[in-house]
>>> print(open('structure_20.txt').read())   # compact mmCIF, C-alpha atoms
# COMPACT_ATOMS: atom_id res chain seq x y z
CA MET A 1 -157.09 -38.56 -81.49
CA ALA A 2 -158.82 -37.38 -78.31
CA PHE A 3 -157.87 -39.28 -75.16
CA ASP A 4 -159.37 -37.16 -72.37
CA VAL A 5 -158.18 -38.71 -69.12
CA ALA A 6 -160.33 -36.37 -67.02
CA ARG A 7 -163.45 -37.58 -68.83
CA ILE A 8 -162.36 -41.20 -68.45
CA ARG A 9 -161.76 -40.79 -64.71
CA GLY A 10 -165.35 -39.66 -64.40
CA LEU A 11 -166.47 -43.11 -65.58
CA PHE A 12 -165.02 -44.83 -62.49
CA PRO A 13 -166.98 -44.37 -59.25
CA ALA A 14 -164.33 -46.33 -57.32
CA LEU A 15 -161.80 -43.51 -57.85
CA GLY A 16 -163.71 -41.67 -55.15
CA ASP A 17 -162.09 -43.87 -52.50
CA GLY A 18 -159.21 -41.42 -52.16
CA TRP A 19 -156.48 -43.89 -53.11
CA ILE A 20 -154.11 -43.69 -56.06
CA HIS A 21 -154.38 -46.98 -57.92
CA PHE A 22 -151.18 -48.35 -59.41
CA ASP A 23 -152.51 -51.90 -59.11
CA GLY A 24 -153.78 -51.99 -62.70
CA ALA A 25 -151.48 -54.87 -63.58
CA VAL A 26 -153.82 -57.29 -61.78
CA GLY A 27 -156.98 -55.69 -63.18
CA MET A 28 -158.39 -52.20 -63.59
CA LEU A 29 -161.24 -50.69 -61.64
CA VAL A 30 -164.74 -51.20 -63.05
CA PRO A 31 -166.42 -48.43 -65.09
CA GLU A 32 -169.97 -47.48 -64.11
CA GLN A 33 -171.42 -48.73 -67.41
CA VAL A 34 -170.07 -52.23 -66.75
CA ALA A 35 -171.49 -52.39 -63.24
CA SER A 36 -174.83 -51.12 -64.54
CA ALA A 37 -174.92 -53.71 -67.33
CA VAL A 38 -174.31 -56.55 -64.89
CA SER A 39 -176.91 -55.22 -62.46
CA THR A 40 -179.51 -54.75 -65.18
CA ALA A 41 -178.96 -58.26 -66.53
CA MET A 42 -179.34 -59.72 -63.05
CA ARG A 43 -182.71 -58.04 -62.63
CA ALA A 44 -184.09 -59.28 -65.95
CA PRO A 45 -185.51 -62.80 -66.38
CA VAL A 46 -182.79 -64.90 -68.03
CA SER A 47 -183.12 -68.65 -68.51
CA GLY A 48 -181.08 -71.28 -70.32
CA PRO A 49 -180.77 -71.14 -74.11
CA GLY A 50 -182.88 -73.22 -76.46
CA GLY A 51 -186.36 -72.20 -75.35
CA ALA A 52 -189.08 -70.42 -77.33
CA PHE A 53 -189.83 -67.93 -74.53
CA PRO A 54 -188.30 -64.46 -73.95
CA ALA A 55 -186.09 -65.37 -70.95
CA SER A 56 -184.40 -68.11 -72.97
CA GLN A 57 -184.04 -65.93 -76.03
CA ARG A 58 -182.50 -63.23 -73.87
CA ALA A 59 -179.83 -65.71 -72.74
CA GLU A 60 -179.00 -66.60 -76.34
CA SER A 61 -178.78 -62.95 -77.35
CA ILE A 62 -176.41 -62.16 -74.48
CA VAL A 63 -174.05 -64.99 -75.46
CA THR A 64 -174.19 -63.97 -79.13
CA ALA A 65 -173.48 -60.34 -78.23
CA ALA A 66 -170.53 -61.38 -76.04
CA ARG A 67 -168.96 -63.43 -78.84
CA ARG A 68 -169.37 -60.54 -81.27
CA ALA A 69 -167.87 -58.04 -78.84
CA VAL A 70 -164.76 -60.17 -78.22
CA ALA A 71 -164.44 -60.80 -81.95
CA ASP A 72 -164.50 -57.05 -82.57
CA LEU A 73 -161.82 -56.56 -79.91
CA VAL A 74 -159.34 -59.00 -81.43
CA GLY A 75 -160.33 -58.91 -85.09
CA ALA A 76 -161.76 -62.40 -85.43
CA ASP A 77 -164.86 -64.44 -86.29
CA PRO A 78 -167.50 -64.55 -83.51
CA ALA A 79 -167.89 -68.27 -84.17
CA ALA A 80 -164.31 -68.74 -83.00
CA VAL A 81 -164.79 -67.13 -79.57
CA VAL A 82 -164.79 -69.48 -76.55
CA LEU A 83 -166.14 -67.91 -73.34
CA GLY A 84 -165.24 -68.98 -69.83
CA PRO A 85 -164.65 -67.90 -66.23
CA SER A 86 -161.03 -66.78 -66.68
CA SER A 87 -158.14 -66.90 -69.10
CA SER A 88 -156.25 -69.34 -66.84
CA VAL A 89 -159.16 -71.80 -66.74
CA LEU A 90 -159.62 -71.62 -70.50
CA LEU A 91 -155.91 -72.13 -71.14
CA ARG A 92 -155.94 -75.22 -68.95
CA ARG A 93 -158.90 -76.64 -70.88
CA LEU A 94 -157.19 -75.93 -74.19
CA VAL A 95 -153.87 -77.46 -73.16
CA ASP A 96 -155.49 -80.57 -71.73
CA ALA A 97 -157.45 -81.05 -74.96
CA LEU A 98 -154.35 -80.59 -77.12
CA ALA A 99 -152.18 -82.86 -74.96
CA GLU A 100 -154.40 -85.85 -75.66
CA ARG A 101 -152.61 -86.13 -79.01
CA TRP A 102 -149.06 -85.69 -77.73
CA THR A 103 -146.63 -88.56 -77.28
CA ILE A 104 -143.33 -89.12 -75.49
CA GLY A 105 -140.63 -86.90 -76.93
CA ASP A 106 -142.95 -84.23 -78.35
CA GLU A 107 -142.04 -80.67 -77.42
CA VAL A 108 -143.71 -77.47 -76.25
CA VAL A 109 -142.03 -74.07 -76.04
CA VAL A 110 -142.83 -71.55 -73.31
CA SER A 111 -141.02 -68.39 -72.22
CA ARG A 112 -139.52 -66.96 -69.04
CA LEU A 113 -141.36 -63.70 -69.80
CA ASP A 114 -144.82 -65.25 -69.48
CA GLU A 115 -147.03 -65.25 -66.42
CA GLU A 116 -147.58 -68.58 -64.68
CA ALA A 117 -151.08 -68.92 -66.22
CA ASN A 118 -149.47 -69.45 -69.63
CA ILE A 119 -146.69 -71.70 -68.34
CA ALA A 120 -148.11 -74.07 -65.71
CA PRO A 121 -150.71 -75.80 -67.92
CA TRP A 122 -148.10 -76.59 -70.57
CA ARG A 123 -145.57 -77.89 -68.04
CA ARG A 124 -148.12 -80.11 -66.32
CA ALA A 125 -149.46 -81.53 -69.57
CA ALA A 126 -145.93 -82.18 -70.84
CA LYS A 127 -145.00 -84.00 -67.64
CA ARG A 128 -148.15 -86.10 -67.86
CA VAL A 129 -147.42 -87.41 -71.36
CA GLY A 130 -143.61 -87.37 -71.32
CA ALA A 131 -143.20 -84.35 -73.58
CA VAL A 132 -140.25 -81.95 -73.39
CA VAL A 133 -140.59 -78.32 -72.29
CA ARG A 134 -138.20 -75.87 -73.93
CA TRP A 135 -137.72 -72.30 -72.72
CA GLY A 136 -137.41 -68.94 -74.41
CA GLU A 137 -134.98 -67.01 -72.23
CA ILE A 138 -135.04 -63.29 -71.48
CA ASP A 139 -132.23 -60.74 -71.54
CA ILE A 140 -131.64 -60.01 -67.84
CA GLU A 141 -130.54 -56.42 -68.55
CA THR A 142 -133.39 -55.26 -70.77
CA CYS A 143 -136.05 -57.92 -70.05
CA GLU A 144 -136.42 -58.40 -73.79
CA LEU A 145 -137.38 -61.82 -75.15
CA PRO A 146 -135.07 -62.20 -78.17
CA ALA A 147 -137.09 -63.64 -81.02
CA TRP A 148 -134.06 -65.04 -82.88
CA GLN A 149 -133.65 -67.82 -80.28
CA TYR A 150 -136.92 -69.43 -81.39
CA GLU A 151 -135.35 -70.53 -84.66
CA ASN A 152 -133.36 -73.06 -82.61
CA LEU A 153 -136.01 -73.69 -79.95
CA VAL A 154 -138.55 -75.14 -82.35
CA SER A 155 -138.12 -78.46 -84.15
CA ALA A 156 -140.09 -81.05 -86.05
CA ARG A 157 -141.27 -82.41 -82.66
CA THR A 158 -142.65 -79.04 -81.48
CA LYS A 159 -146.41 -79.26 -80.98
CA ALA A 160 -147.09 -75.84 -79.50
CA VAL A 161 -145.46 -72.50 -78.77
CA ALA A 162 -146.93 -70.35 -75.98
CA VAL A 163 -145.85 -66.72 -75.71
CA THR A 164 -147.13 -63.50 -74.20
CA LEU A 165 -148.03 -60.44 -76.23
CA ALA A 166 -146.95 -58.29 -73.28
CA SER A 167 -145.62 -58.89 -69.78
CA GLY A 168 -147.78 -57.71 -66.91
CA SER A 169 -144.70 -57.73 -64.65
CA VAL A 170 -142.09 -55.71 -66.54
CA GLY A 171 -144.11 -54.39 -69.48
CA THR A 172 -142.07 -55.97 -72.29
CA ARG A 173 -143.82 -56.44 -75.64
CA PRO A 174 -141.78 -59.11 -77.46
CA ASP A 175 -141.47 -59.57 -81.21
CA VAL A 176 -144.31 -62.09 -81.40
CA PRO A 177 -144.70 -62.02 -85.22
CA THR A 178 -141.15 -63.34 -85.62
CA VAL A 179 -141.76 -66.03 -82.99
CA ILE A 180 -144.88 -67.06 -84.91
CA GLU A 181 -142.93 -67.17 -88.17
CA PHE A 182 -140.42 -69.64 -86.72
CA ALA A 183 -143.20 -71.74 -85.17
CA LYS A 184 -145.10 -71.97 -88.44
CA ARG A 185 -142.04 -73.29 -90.25
CA VAL A 186 -142.35 -76.50 -88.22
CA GLY A 187 -146.15 -76.57 -88.14
CA ALA A 188 -146.45 -75.80 -84.41
CA LEU A 189 -149.63 -74.36 -82.91
CA VAL A 190 -149.11 -70.84 -81.49
CA VAL A 191 -151.03 -69.65 -78.43
CA VAL A 192 -150.62 -65.97 -77.57
CA ASP A 193 -151.57 -64.56 -74.16
CA ALA A 194 -152.92 -61.06 -74.84
CA THR A 195 -154.26 -60.56 -71.30
CA TYR A 196 -152.01 -57.62 -70.46
CA ALA A 197 -151.76 -56.15 -73.95
CA ALA A 198 -155.50 -55.97 -74.65
CA PRO A 199 -156.24 -52.81 -72.59
CA PHE A 200 -153.51 -50.81 -74.33
CA VAL A 201 -152.77 -52.20 -77.80
CA PRO A 202 -155.08 -52.60 -80.82
CA LEU A 203 -155.32 -56.34 -81.49
CA ASP A 204 -155.63 -58.08 -84.86
CA LEU A 205 -155.51 -61.85 -84.63
CA GLN A 206 -155.70 -62.38 -88.38
CA GLU A 207 -152.79 -60.05 -89.05
CA LEU A 208 -150.74 -61.41 -86.15
CA GLY A 209 -151.12 -64.96 -87.41
CA ALA A 210 -151.34 -66.77 -84.06
CA ASP A 211 -153.64 -69.78 -83.90
CA VAL A 212 -155.20 -68.92 -80.55
CA MET A 213 -155.35 -65.72 -78.49
CA VAL A 214 -156.47 -65.47 -74.88
CA VAL A 215 -157.84 -62.35 -73.16
CA SER A 216 -159.28 -61.54 -69.73
CA ALA A 217 -161.91 -58.83 -69.28
CA GLN A 218 -160.72 -58.02 -65.75
CA ALA A 219 -157.55 -56.60 -67.25
CA TRP A 220 -159.49 -53.65 -68.72
CA GLY A 221 -162.14 -53.21 -66.04
CA GLY A 222 -164.57 -55.89 -67.15
CA PRO A 223 -166.10 -58.71 -65.12
CA ALA A 224 -164.44 -62.03 -64.25
CA VAL A 225 -164.75 -63.49 -67.74
CA GLY A 226 -162.10 -64.76 -70.14
CA ALA A 227 -162.07 -65.73 -73.79
CA LEU A 228 -160.08 -67.96 -76.11
CA VAL A 229 -160.23 -66.80 -79.71
CA PHE A 230 -159.25 -69.09 -82.59
CA ARG A 231 -158.01 -67.63 -85.85
CA ASP A 232 -159.65 -70.50 -87.74
CA PRO A 233 -163.01 -71.65 -86.34
CA GLU A 234 -162.46 -75.06 -87.99
CA LEU A 235 -159.66 -75.77 -85.53
CA LEU A 236 -162.27 -76.07 -82.79
CA GLU A 237 -163.67 -79.16 -84.50
CA ARG A 238 -160.27 -80.86 -84.52
CA ILE A 239 -159.55 -80.79 -80.79
CA SER A 240 -161.13 -82.85 -78.04
CA SER A 241 -164.37 -81.55 -76.55
CA VAL A 242 -164.77 -80.84 -72.82
CA SER A 243 -168.46 -79.97 -73.10
CA LEU A 244 -171.14 -81.79 -71.14
CA GLU A 245 -173.16 -81.83 -74.36
CA PRO A 246 -172.16 -84.81 -76.54
CA ASN A 247 -173.16 -83.00 -79.73
CA ALA A 248 -171.51 -79.67 -78.95
CA ARG A 249 -170.07 -77.89 -81.97
CA GLY A 250 -167.65 -75.03 -82.46
CA ALA A 251 -166.83 -72.83 -79.49
CA ALA A 252 -169.22 -74.78 -77.25
CA ARG A 253 -166.79 -77.72 -77.38
CA LEU A 254 -164.50 -75.88 -74.93
CA GLU A 255 -167.26 -74.39 -72.79
CA LEU A 256 -168.30 -76.18 -69.63
CA GLY A 257 -171.62 -75.65 -67.86
CA ALA A 258 -174.01 -72.70 -67.98
CA HIS A 259 -172.80 -69.24 -68.91
CA PRO A 260 -172.84 -66.43 -66.30
CA TYR A 261 -175.22 -64.27 -68.35
CA PRO A 262 -175.00 -61.08 -66.23
CA LEU A 263 -171.20 -61.19 -66.44
CA LEU A 264 -171.35 -61.66 -70.19
CA ALA A 265 -173.58 -58.58 -70.39
CA GLY A 266 -170.86 -56.77 -68.43
CA LEU A 267 -168.26 -58.11 -70.85
CA VAL A 268 -170.08 -56.49 -73.77
CA ALA A 269 -170.34 -53.21 -71.86
CA SER A 270 -166.62 -53.31 -71.02
CA ILE A 271 -165.65 -53.69 -74.67
CA ASP A 272 -168.01 -50.84 -75.54
CA TYR A 273 -166.16 -48.84 -72.88
CA LEU A 274 -162.85 -49.59 -74.63
CA ALA A 275 -164.35 -48.48 -77.93
CA GLY A 276 -165.23 -45.13 -76.35
CA LEU A 277 -161.84 -44.29 -74.84
CA ASP A 278 -161.36 -41.80 -77.67
CA ASP A 279 -164.53 -39.73 -77.83
CA ALA A 280 -163.68 -38.73 -81.39
CA ALA A 281 -163.69 -42.34 -82.62
CA THR A 282 -166.30 -43.15 -85.26
CA GLY A 283 -167.47 -46.07 -87.38
CA SER A 284 -168.19 -49.65 -86.41
CA ARG A 285 -167.28 -50.92 -82.97
CA ARG A 286 -164.22 -52.61 -84.45
CA GLU A 287 -163.12 -49.33 -86.03
CA ARG A 288 -163.75 -47.41 -82.82
CA LEU A 289 -161.76 -49.98 -80.85
CA VAL A 290 -158.77 -49.62 -83.14
CA THR A 291 -158.90 -45.82 -82.89
CA SER A 292 -159.51 -45.70 -79.14
CA LEU A 293 -156.86 -48.25 -78.21
CA GLY A 294 -154.41 -46.45 -80.49
CA SER A 295 -155.14 -43.25 -78.56
CA ALA A 296 -154.77 -45.06 -75.24
CA LYS A 297 -151.46 -46.51 -76.38
CA SER A 298 -150.09 -43.07 -77.24
CA TYR A 299 -151.28 -41.48 -74.00
CA GLN A 300 -149.95 -44.29 -71.83
CA ALA A 301 -146.60 -44.33 -73.64
CA GLY A 302 -146.05 -40.70 -72.67
CA LEU A 303 -147.09 -41.32 -69.07
CA LEU A 304 -144.87 -44.40 -68.79
CA ALA A 305 -141.90 -42.54 -70.27
CA GLN A 306 -142.27 -39.80 -67.68
CA LEU A 307 -142.58 -42.29 -64.82
CA SER A 308 -139.66 -44.39 -65.99
CA THR A 309 -137.39 -41.36 -66.50
CA GLU A 310 -138.18 -39.88 -63.10
CA LEU A 311 -137.76 -43.18 -61.26
CA ARG A 312 -134.40 -43.76 -62.95
CA SER A 313 -133.29 -40.34 -61.73
CA LEU A 314 -133.63 -41.52 -58.13
CA ARG A 315 -130.31 -43.05 -57.15
CA HIS A 316 -131.82 -45.45 -54.60
CA VAL A 317 -134.44 -46.78 -57.03
CA MET A 318 -133.69 -49.38 -59.72
CA VAL A 319 -136.20 -49.89 -62.52
CA ILE A 320 -136.12 -53.48 -63.77
CA GLY A 321 -135.60 -53.86 -67.52
CA ASP A 322 -135.65 -51.37 -70.35
CA ALA A 323 -137.40 -52.99 -73.30
CA MET A 324 -137.91 -50.97 -76.47
CA ARG A 325 -141.61 -51.84 -76.85
CA ARG A 326 -143.75 -51.82 -73.73
CA ILE A 327 -147.16 -51.60 -72.15
CA PRO A 328 -147.53 -49.23 -69.17
CA SER A 329 -146.30 -51.64 -66.51
CA LEU A 330 -142.95 -51.67 -64.75
CA ALA A 331 -141.24 -53.02 -61.66
CA PHE A 332 -138.62 -51.53 -59.40
CA THR A 333 -136.57 -52.13 -56.28
CA VAL A 334 -135.37 -49.72 -53.62
CA ALA A 335 -131.89 -50.00 -52.12
CA ASN A 336 -131.85 -51.73 -48.72
CA LYS A 337 -135.63 -52.22 -48.75
CA LYS A 338 -137.62 -55.40 -49.24
CA ALA A 339 -140.60 -55.31 -51.54
CA PRO A 340 -143.24 -55.75 -48.78
CA GLU A 341 -141.73 -52.80 -46.89
CA ILE A 342 -141.97 -50.63 -49.99
CA SER A 343 -145.52 -51.68 -50.72
CA GLU A 344 -146.59 -51.05 -47.11
CA TYR A 345 -144.96 -47.62 -47.15
CA LEU A 346 -146.72 -46.72 -50.39
CA ALA A 347 -150.02 -47.86 -48.87
CA SER A 348 -149.41 -45.65 -45.84
CA GLN A 349 -149.20 -42.75 -48.29
CA GLY A 350 -152.39 -43.69 -50.11
CA LEU A 351 -150.85 -45.52 -53.09
CA CYS A 352 -151.84 -49.05 -54.16
CA ALA A 353 -149.06 -51.25 -55.54
CA PHE A 354 -148.21 -54.94 -55.19
CA ALA A 355 -145.04 -56.49 -53.85
CA ASP A 356 -143.57 -59.59 -55.49
CA ASP A 357 -141.07 -61.65 -53.53
CA GLY A 358 -139.31 -62.71 -56.72
CA SER A 359 -139.74 -66.43 -56.11
CA GLY A 360 -141.61 -67.09 -59.35
CA GLY A 361 -142.28 -65.88 -62.85
CA VAL A 362 -140.04 -63.45 -64.66
CA PHE A 363 -138.59 -62.13 -61.39
CA ALA A 364 -137.24 -65.55 -60.47
CA SER A 365 -135.34 -65.62 -63.77
CA LEU A 366 -133.89 -62.21 -62.96
CA GLY A 367 -132.80 -63.18 -59.44
CA VAL A 368 -134.90 -60.42 -57.90
CA ALA A 369 -135.45 -62.46 -54.73
CA GLU A 370 -131.82 -61.84 -53.82
CA VAL A 371 -132.55 -58.11 -53.37
CA GLY A 372 -135.80 -58.58 -51.49
CA GLY A 373 -138.25 -58.75 -54.37
CA ALA A 374 -139.78 -56.01 -56.51
CA VAL A 375 -142.80 -53.73 -56.54
CA ARG A 376 -145.06 -53.85 -59.60
CA ILE A 377 -146.63 -50.70 -60.98
CA GLY A 378 -149.48 -50.99 -63.47
CA LEU A 379 -150.83 -47.81 -65.00
CA ALA A 380 -154.47 -47.76 -66.07
CA HIS A 381 -156.64 -45.75 -68.43
CA TYR A 382 -157.47 -43.42 -65.53
CA SER A 383 -153.86 -42.83 -64.40
CA ASN A 384 -152.67 -39.26 -64.80
CA VAL A 385 -149.61 -37.03 -64.41
CA PHE A 386 -150.56 -35.94 -60.89
CA GLU A 387 -150.57 -39.56 -59.71
CA VAL A 388 -147.23 -40.28 -61.34
CA ASN A 389 -145.74 -37.23 -59.65
CA GLN A 390 -147.14 -38.37 -56.31
CA LEU A 391 -145.49 -41.77 -56.67
CA VAL A 392 -142.13 -40.23 -57.49
CA ARG A 393 -142.42 -37.79 -54.58
CA VAL A 394 -143.24 -40.58 -52.11
CA LEU A 395 -140.33 -42.72 -53.34
CA GLU A 396 -137.95 -39.75 -53.05
CA GLU A 397 -138.69 -39.73 -49.32
CA LEU A 398 -138.22 -43.48 -48.89
CA ARG A 399 -134.61 -43.82 -47.86
>>> encode(input="structure_20.txt", output="structure tokens")
Amino acid sequence: MAFDVARIRGLFPALGDGWIHFDGAVGMLVPEQVASAVSTAMRAPVSGPGGAFPASQRAESIVTAARRAVADLVGADPAAVVLGPSSSVLLRRLVDALAERWTIGDEVVVSRLDEEANIAPWRRAAKRVGAVVRWGEIDIETCELPAWQYENLVSARTKAVAVTLASGSVGTRPDVPTVIEFAKRVGALVVVDATYAAPFVPLDLQELGADVMVVSAQAWGGPAVGALVFRDPELLERISSVSLEPNARGAARLELGAHPYPLLAGLVASIDYLAGLDDAATGSRRERLVTSLGSAKSYQAGLLAQLSTELRSLRHVMVIGDAMRRIPSLAFTVANKKAPEISEYLASQGLCAFADDGSGGVFASLGVAEVGGAVRIGLAHYSNVFEVNQLVRVLEELR
């Protein structure tokens, strides 16, 4: 494996702004090849699909390439890839379509570990039809999501189970395969949010066994495009269509309006970027993705371990949670400091990090609001040891 962080940093023009970016949890910076792909596509004549002329054919080829790229990323069939403006919009479309078949007393299961994008649509749809929302709870000490509880959470009335593959707030990677096993015993549909896991973990939808996986290209430095990927393309024909086309088939049934073709070109380039994270990776794009993301996972695990260890050595800093399996994201508090104060101080020292007041999401479950909120740190492919050391040094001086 060859994860050369210095080479990777050279792919990001925005790193020349002089700031240290620990804001990766809300989306990485954009590699040059992605910006170039979008710009090139915007300069070329692109029309709507279905025509016999080059501009129309170019549109069709871009959409086809985007479906193939996402399929390679998650290990799925391109015919099962639904494209849209964001993962949250696509999840809302999916939930609304599924909820048309729910009745009073049906159940959906969500988790306290998930981001609001994978909770709110289910809660709203359940309220609309009189369904019951059941919650997977987290361990407040470790921020783990115990999988054993799902054996009792699901029942014969459970229609869907929504769970994250990794938390963008505290980094936890729950035991999703076991959650899926319990859900399948009762015939429930499983929707997995892989938004935060996708930049760091090799994905395999077929092996995982979830019914639907959602990803967002912004998480790994791509454009504002999301995708829903179905393990079985036939499932798309069994849910209600939202398309403006009455005869829409397959993935088009959940796609609304014209595609943003330049952004889809950028999506392809961003997945090619992921495939090249390890410059020693060879084979098909799918094979290179597995190798490269495996290399990224190993590199980031070492960087996260160093950051976590050094932060825990600071007596006035409390790192939230300590899950066994993680992505390179964490949150912390500082004694006698509110989160906005910490974030502003970091910014004054040239470090980007977001404050969370603790009023929602996983932090609300942990009661973080009572101590003034938390600061979220998201490492990225371009993060390095020097930046980690700078963060620790700055926090040492924050008393």
>>> residues_around(input="structure_20.txt", residues="Arg315 of chain A", least_positions_apart="2", cutoff="10 Å", atoms="all atoms listed in the file", output="list in words")
Leu311, Arg312, Ser313, Val317, Met318, Val334, Ala335 and Glu396 of chain A
>>> closest_residue(input="structure_20.txt", among="A:Ile62, A:Leu145, A:Leu94, A:Leu203", to="Gly75 of chain A", atoms="all atoms listed in the file")
A:Leu203
>>> atom_distance(input="structure_20.txt", atom1="atom CA of Asp278 of chain A", atom2="atom CA of Phe3 of chain A")
5.0 Å
>>> atom_distance(input="structure_20.txt", atom1="atom CA of Gly360 of chain A", atom2="atom CA of Ile119 of chain A")
11.3 Å
>>> atom_distance(input="structure_20.txt", atom1="atom CA of Asp4 of chain A", atom2="atom CA of Gly222 of chain A")
20.1 Å
>>> residues_around(input="structure_20.txt", residues="Ile180 of chain A", least_positions_apart="4", cutoff="9 Å", atoms="all atoms listed in the file", output="ChimeraX atom specification")
/A:161,176,184-185,188-190,208-210
>>> residues_near_point(input="structure_20.txt", point="(-145.6, -76.3, -70.8)", cutoff="9 Å", atoms="all atoms listed in the file", output="ChimeraX atom specification")
/A:95,107-110,118-127,131-134,160-162
>>> closest_residue(input="structure_20.txt", among="A:Thr333, A:Gln218, A:Ser270, A:Ser88", to="Leu289 of chain A", atoms="all atoms listed in the file")
A:Ser270
>>> closest_atom_pairs(input="structure_20.txt", of="segment 235-349 of chain A", to="segment 26-42 of chain A", cutoff="9 Å", atoms="all atoms listed in the file", output="JSON lines")
{"residue": "A:Tyr261", "atom": "CA", "partner": "A:Ala41", "partner_atom": "CA", "distance": 7.3}
{"residue": "A:Pro262", "atom": "CA", "partner": "A:Val38", "partner_atom": "CA", "distance": 4.8}
{"residue": "A:Leu263", "atom": "CA", "partner": "A:Val38", "partner_atom": "CA", "distance": 5.8}
{"residue": "A:Leu264", "atom": "CA", "partner": "A:Val38", "partner_atom": "CA", "distance": 7.9}
{"residue": "A:Ala265", "atom": "CA", "partner": "A:Ala37", "partner_atom": "CA", "distance": 5.9}
{"residue": "A:Gly266", "atom": "CA", "partner": "A:Val34", "partner_atom": "CA", "distance": 4.9}
{"residue": "A:Leu267", "atom": "CA", "partner": "A:Val34", "partner_atom": "CA", "distance": 7.4}
{"residue": "A:Val268", "atom": "CA", "partner": "A:Val34", "partner_atom": "CA", "distance": 8.2}
{"residue": "A:Ala269", "atom": "CA", "partner": "A:Val34", "partner_atom": "CA", "distance": 5.2}
{"residue": "A:Ser270", "atom": "CA", "partner": "A:Val34", "partner_atom": "CA", "distance": 5.6}
{"residue": "A:Tyr273", "atom": "CA", "partner": "A:Gln33", "partner_atom": "CA", "distance": 7.6}
>>> closest_residue(input="structure_20.txt", among="A:Leu366, A:Val215, A:Ala374, A:Ala2", to="Val319 of chain A", atoms="all atoms listed in the file")
A:Ala374
>>> axis_aligned_box(input="structure_20.txt", around="segment 145-155 of chain A", padding_each_side="6 Å", output="AutoDock Vina command-line options")
--center_x -136.0 --center_y -70.1 --center_z -79.9 --size_x 17.2 --size_y 28.6 --size_z 21.5
>>> closest_residue(input="structure_20.txt", among="A:Ala224, A:Val5, A:Phe182, A:Gly50", to="Ser295 of chain A", atoms="all atoms listed in the file")
A:Val5
>>> closest_residue(input="structure_20.txt", among="A:Leu236, A:Ala80, A:Ser292, A:Glu344", to="Thr64 of chain A", atoms="only C-alpha atoms")
A:Ala80
>>> closest_residue(input="structure_20.txt", among="A:Ala156, A:Leu307, A:Met324, A:Ala281", to="Arg393 of chain A", atoms="all atoms listed in the file")
A:Leu307
>>> residues_near_point(input="structure_20.txt", point="(-137.2, -54.6, -66.3)", cutoff="7 Å", atoms="all atoms listed in the file", output="compact mmCIF listing (two decimals) with C-alpha atoms, in the frame of the given file")
# COMPACT_ATOMS: atom_id res chain seq x y z
CA THR A 142 -133.39 -55.26 -70.77
CA CYS A 143 -136.05 -57.92 -70.05
CA VAL A 170 -142.09 -55.71 -66.54
CA VAL A 319 -136.20 -49.89 -62.52
CA ILE A 320 -136.12 -53.48 -63.77
CA GLY A 321 -135.60 -53.86 -67.52
CA ASP A 322 -135.65 -51.37 -70.35
CA LEU A 330 -142.95 -51.67 -64.75
CA ALA A 331 -141.24 -53.02 -61.66
